[in-house]
Amino acid sequence: MRILRMAAVALFAAAAGLLALPSSPAQAHGAIQVPGSRTWFCYQDGRNPNTGAIEPKNAACAAAVAASGVTSLYNWFAVLRSDGAGRVSGFLPDGQLCSGGTGGPYNFTGFNLARTDWPTTHLTAGATMQFKYNDWAKHPGTFYLYITKDGYDPTKPLAWSDLEPTPFDQVTNPPANGGPGTDDGHYYWTGKLPAGKTGKHLIYSVWSRSDSTETFYGCSDVVFDGGNGEVTGIGGGGTTSPSPSTPTSPSPSVPVSPSASVSPSTPGGGTGGCSGMYNVVSAWSGGFQGQIMVHAGTSAVNGWNVSWTFPGDQKVAQVWSGKATTSGSLVSVTNESWNASVPANGSVTFGFLASGTAATQLQNLTCTTG
């Protein structure tokens, strides 16, 4: 009996430890969205709203995905170093600034490519504008924005010597709107762009958490040509107008936000329906936690169903914020009554636990409505 009791205690402890694993703190996530980082804009450029597949149209984004793989865009918000501690020059090697070096959780090295055709935000030097930084996970910390020096050459790999040594803008714990866990949720603050800049430049963003050493890095390609926040280079070309959610008569010196009008929910001309975006939240030996965002198109959604096929022997063990049915490797998740409605261009999120090796991609990921 004593042996049986000891075995029961050991089994309970092991089960408790297994159940505790998914609730361990996941890495924070975020990326600058205004002016948009390369990963954010390339995610918008390449994501197929009907299948969730990454199919880049912009040539620079396609080259980045060819070098780093599609996971770099499914996880556009994770250019980070867990050991960064706010360090910049001397920590990340020259030529690796846009990928956060090579020590992060994902491979972003393709975004270091020295090219002139990255999606670009058009700005006015010296103007006041509102910056936005996605808050996929909320944490206290400080945001720093650097600008390239006059004479910056985008055809050469970015080096620390290309950046002005001190940030032109800095803010600690700015307010947030929406989020976390959504494309649209963001921190925001108002700052002034450097004066006297002309032509192509790069804004380098650093988010240093104050509650850990985790630090995020991002490259935003801009051109100072008198623009008011217009974005070009997404979807194969053309100009994306500023967000209709901003004032209709802004001051000429205030570039407006392009974020809403280039939302991945409305690529190109925009369509109705819905789409799903998958992300691995955390993983451990024998299992992982996944998350899928359900995006509505240009029309509101009332009822949704997301289905996919696992690439291996993964099996769903638990789902929350949705109801799942499975058949072999095929999984189908429908909405709960309380999250059936998704506003136009909005999103809801559901999560799941699964056994097996963490799937970096889901096959045949589709979303249907009704």
# chains A, B, ... in the order shown; residues from 1 in each chain; ligands from 1
$ residues_around --residues "stretch 207-210 of chain A" --least-positions-apart "3" --cutoff "8 Å" --atoms "only C-alpha atoms" --output "list of chain:residue names"
A:Gly84, A:Ala85, A:Gly86, A:His139, A:Pro140, A:Gly141, A:Thr142, A:Phe143, A:Tyr144, A:Thr213, A:Glu214, A:Thr215, A:Phe216, A:Tyr217
$ closest_residue --among "A:Thr198, A:Ser37, A:Ser89, A:Asn75" --to "A:Ile54" --atoms "only C-alpha atoms"
A:Asn75
$ residues_around --residues "A:Val294" --least-positions-apart "4" --cutoff "10 Å" --atoms "only C-alpha atoms" --output "PDB file with C-alpha atoms, in the first residue's frame"
ATOM      1  CA  THR A 182      -4.526  41.345 -31.877  1.00  0.00           C
ATOM      2  CA  SER A 265      -8.016  41.853 -43.249  1.00  0.00           C
ATOM      3  CA  CYS A 274     -12.855  35.636 -42.850  1.00  0.00           C
ATOM      4  CA  SER A 275      -9.320  34.290 -42.569  1.00  0.00           C
ATOM      5  CA  GLY A 276      -7.221  32.665 -39.880  1.00  0.00           C
ATOM      6  CA  MET A 277      -3.680  33.372 -38.660  1.00  0.00           C
ATOM      7  CA  TYR A 278      -1.786  30.767 -36.615  1.00  0.00           C
ATOM      8  CA  VAL A 301     -18.991  38.103 -39.634  1.00  0.00           C
ATOM      9  CA  TRP A 304     -17.152  31.307 -38.197  1.00  0.00           C
ATOM     10  CA  ASN A 305     -15.423  27.974 -38.660  1.00  0.00           C
ATOM     11  CA  VAL A 306     -11.653  27.498 -38.887  1.00  0.00           C
ATOM     12  CA  ASN A 335     -17.188  29.865 -32.532  1.00  0.00           C
ATOM     13  CA  VAL A 342     -16.607  39.737 -35.570  1.00  0.00           C
ATOM     14  CA  GLY A 346     -11.814  43.068 -36.659  1.00  0.00           C
ATOM     15  CA  SER A 347     -10.654  39.818 -35.108  1.00  0.00           C
ATOM     16  CA  VAL A 348     -11.216  37.315 -32.312  1.00  0.00           C
ATOM     17  CA  THR A 349      -8.785  34.733 -30.971  1.00  0.00           C
ATOM     18  CA  PHE A 350      -9.012  31.137 -29.799  1.00  0.00           C
ATOM     19  CA  THR A 366      -9.148  28.007 -43.979  1.00  0.00           C
ATOM     20  CA  CYS A 367     -11.918  30.089 -42.472  1.00  0.00           C
ATOM     21  CA  THR A 368     -15.580  30.053 -43.505  1.00  0.00           C
TER      22      THR A 368
END
$ residues_around --residues "A:Gly90" --least-positions-apart "4" --cutoff "12 Å" --atoms "only C-alpha atoms" --output "count of residues only"
9
$ residues_around --residues "A:Thr102" --least-positions-apart "4" --cutoff "10 Å" --atoms "only C-alpha atoms" --output "list in words"
Val79, Leu80, Arg81, Leu92, Pro93, Gln96, Leu97, Tyr106, Asn107, Phe108 and Thr109 of chain A
$ select_by_dssp --residues "stretch 91-286 of chain A" --states "helix (DSSP H, G or I)" --output "list in words"
Thr109, Gly110, Phe111, Asn112, Trp160, Ser161, Asp162, Ile234, Gly235, Gly236, Ala260, Ser261 and Val262 of chain A
$ decode --residues "stretch 130-239 of chain A" --atoms "C-alpha atoms" --output "compact mmCIF listing (two decimals), in the first residue's frame"
# COMPACT_ATOMS: atom_id res chain seq x y z
CA GLN A 130 1.62 59.66 -33.95
CA PHE A 131 3.74 56.53 -33.64
CA LYS A 132 2.12 53.14 -33.09
CA TYR A 133 3.71 49.97 -31.75
CA ASN A 134 1.79 46.70 -31.66
CA ASP A 135 1.12 45.37 -28.15
CA TRP A 136 0.66 41.68 -28.87
CA ALA A 137 1.68 41.31 -25.24
CA LYS A 138 1.61 44.26 -22.86
CA HIS A 139 4.68 45.06 -20.72
CA PRO A 140 6.21 48.15 -19.17
CA GLY A 141 9.25 49.55 -20.89
CA THR A 142 10.81 52.25 -23.02
CA PHE A 143 10.64 52.78 -26.78
CA TYR A 144 13.57 54.35 -28.65
CA LEU A 145 13.52 55.55 -32.27
CA TYR A 146 16.74 56.13 -34.22
CA ILE A 147 17.17 57.63 -37.70
CA THR A 148 19.84 57.01 -40.31
CA LYS A 149 22.43 59.71 -40.96
CA ASP A 150 22.41 61.93 -44.03
CA GLY A 151 23.91 60.03 -46.93
CA TYR A 152 22.37 56.70 -45.87
CA ASP A 153 22.76 54.11 -48.64
CA PRO A 154 19.99 51.46 -48.58
CA THR A 155 21.95 49.28 -51.03
CA LYS A 156 24.51 48.50 -48.30
CA PRO A 157 23.89 46.34 -45.20
CA LEU A 158 22.76 48.48 -42.28
CA ALA A 159 25.53 49.18 -39.75
CA TRP A 160 25.42 51.00 -36.44
CA SER A 161 27.57 53.72 -37.97
CA ASP A 162 24.69 54.43 -40.39
CA LEU A 163 22.46 55.54 -37.48
CA GLU A 164 22.56 58.77 -35.52
CA PRO A 165 24.09 57.85 -32.15
CA THR A 166 21.16 59.07 -30.04
CA PRO A 167 17.43 58.44 -30.57
CA PHE A 168 15.33 61.27 -31.98
CA ASP A 169 12.34 60.07 -29.96
CA GLN A 170 11.98 58.21 -26.68
CA VAL A 171 8.97 57.37 -24.50
CA THR A 172 8.38 55.21 -21.43
CA ASN A 173 5.12 53.34 -20.77
CA PRO A 174 2.93 55.13 -23.37
CA PRO A 175 -0.85 54.56 -23.40
CA ALA A 176 -2.32 51.62 -25.29
CA ASN A 177 -5.42 51.13 -27.38
CA GLY A 178 -6.86 47.62 -27.74
CA GLY A 179 -4.97 44.35 -27.54
CA PRO A 180 -3.20 42.36 -26.44
CA GLY A 181 -3.15 39.45 -28.87
CA THR A 182 -4.53 41.35 -31.88
CA ASP A 183 -3.09 42.97 -34.98
CA ASP A 184 -4.84 46.25 -34.18
CA GLY A 185 -3.93 46.65 -30.50
CA HIS A 186 -1.08 49.13 -30.04
CA TYR A 187 0.81 51.56 -27.88
CA TYR A 188 0.70 55.11 -29.21
CA TRP A 189 2.43 58.41 -28.60
CA THR A 190 3.06 61.67 -30.41
CA GLY A 191 6.56 62.69 -31.40
CA LYS A 192 8.43 64.87 -33.82
CA LEU A 193 10.33 63.56 -36.83
CA PRO A 194 13.90 64.76 -37.40
CA ALA A 195 14.18 68.00 -39.33
CA GLY A 196 16.23 68.49 -42.46
CA LYS A 197 15.97 64.93 -43.74
CA THR A 198 15.35 64.23 -47.44
CA GLY A 199 15.09 61.10 -49.54
CA LYS A 200 15.29 57.50 -48.36
CA HIS A 201 16.05 56.75 -44.71
CA LEU A 202 15.45 54.04 -42.15
CA ILE A 203 13.88 54.42 -38.70
CA TYR A 204 15.22 51.86 -36.23
CA SER A 205 12.96 50.99 -33.30
CA VAL A 206 13.98 49.45 -29.98
CA TRP A 207 11.53 48.38 -27.27
CA SER A 208 13.28 47.56 -24.02
CA ARG A 209 11.11 45.94 -21.35
CA SER A 210 11.67 47.16 -17.79
CA ASP A 211 10.33 43.95 -16.21
CA SER A 212 12.78 41.65 -18.01
CA THR A 213 15.79 41.76 -20.34
CA GLU A 214 13.64 41.02 -23.40
CA THR A 215 14.23 43.63 -26.12
CA PHE A 216 12.60 44.08 -29.54
CA TYR A 217 14.19 45.52 -32.68
CA GLY A 218 12.70 46.71 -35.97
CA CYS A 219 13.56 48.39 -39.27
CA SER A 220 11.08 50.79 -40.91
CA ASP A 221 11.86 52.07 -44.41
CA VAL A 222 10.76 55.67 -44.95
CA VAL A 223 11.21 58.42 -47.48
CA PHE A 224 11.09 62.12 -46.59
CA ASP A 225 9.28 63.54 -49.59
CA GLY A 226 6.54 65.66 -48.02
CA GLY A 227 4.25 62.67 -47.49
CA ASN A 228 1.59 62.32 -44.81
CA GLY A 229 1.95 58.65 -43.90
CA GLU A 230 1.12 57.07 -47.25
CA VAL A 231 2.52 53.56 -47.75
CA THR A 232 3.81 52.16 -51.04
CA GLY A 233 5.11 48.74 -51.96
CA ILE A 234 2.41 46.55 -50.42
CA GLY A 235 0.55 44.15 -52.70
CA GLY A 236 2.95 44.56 -55.60
CA GLY A 237 2.91 48.34 -55.72
CA GLY A 238 0.58 51.30 -55.61
CA THR A 239 -0.10 53.72 -52.78
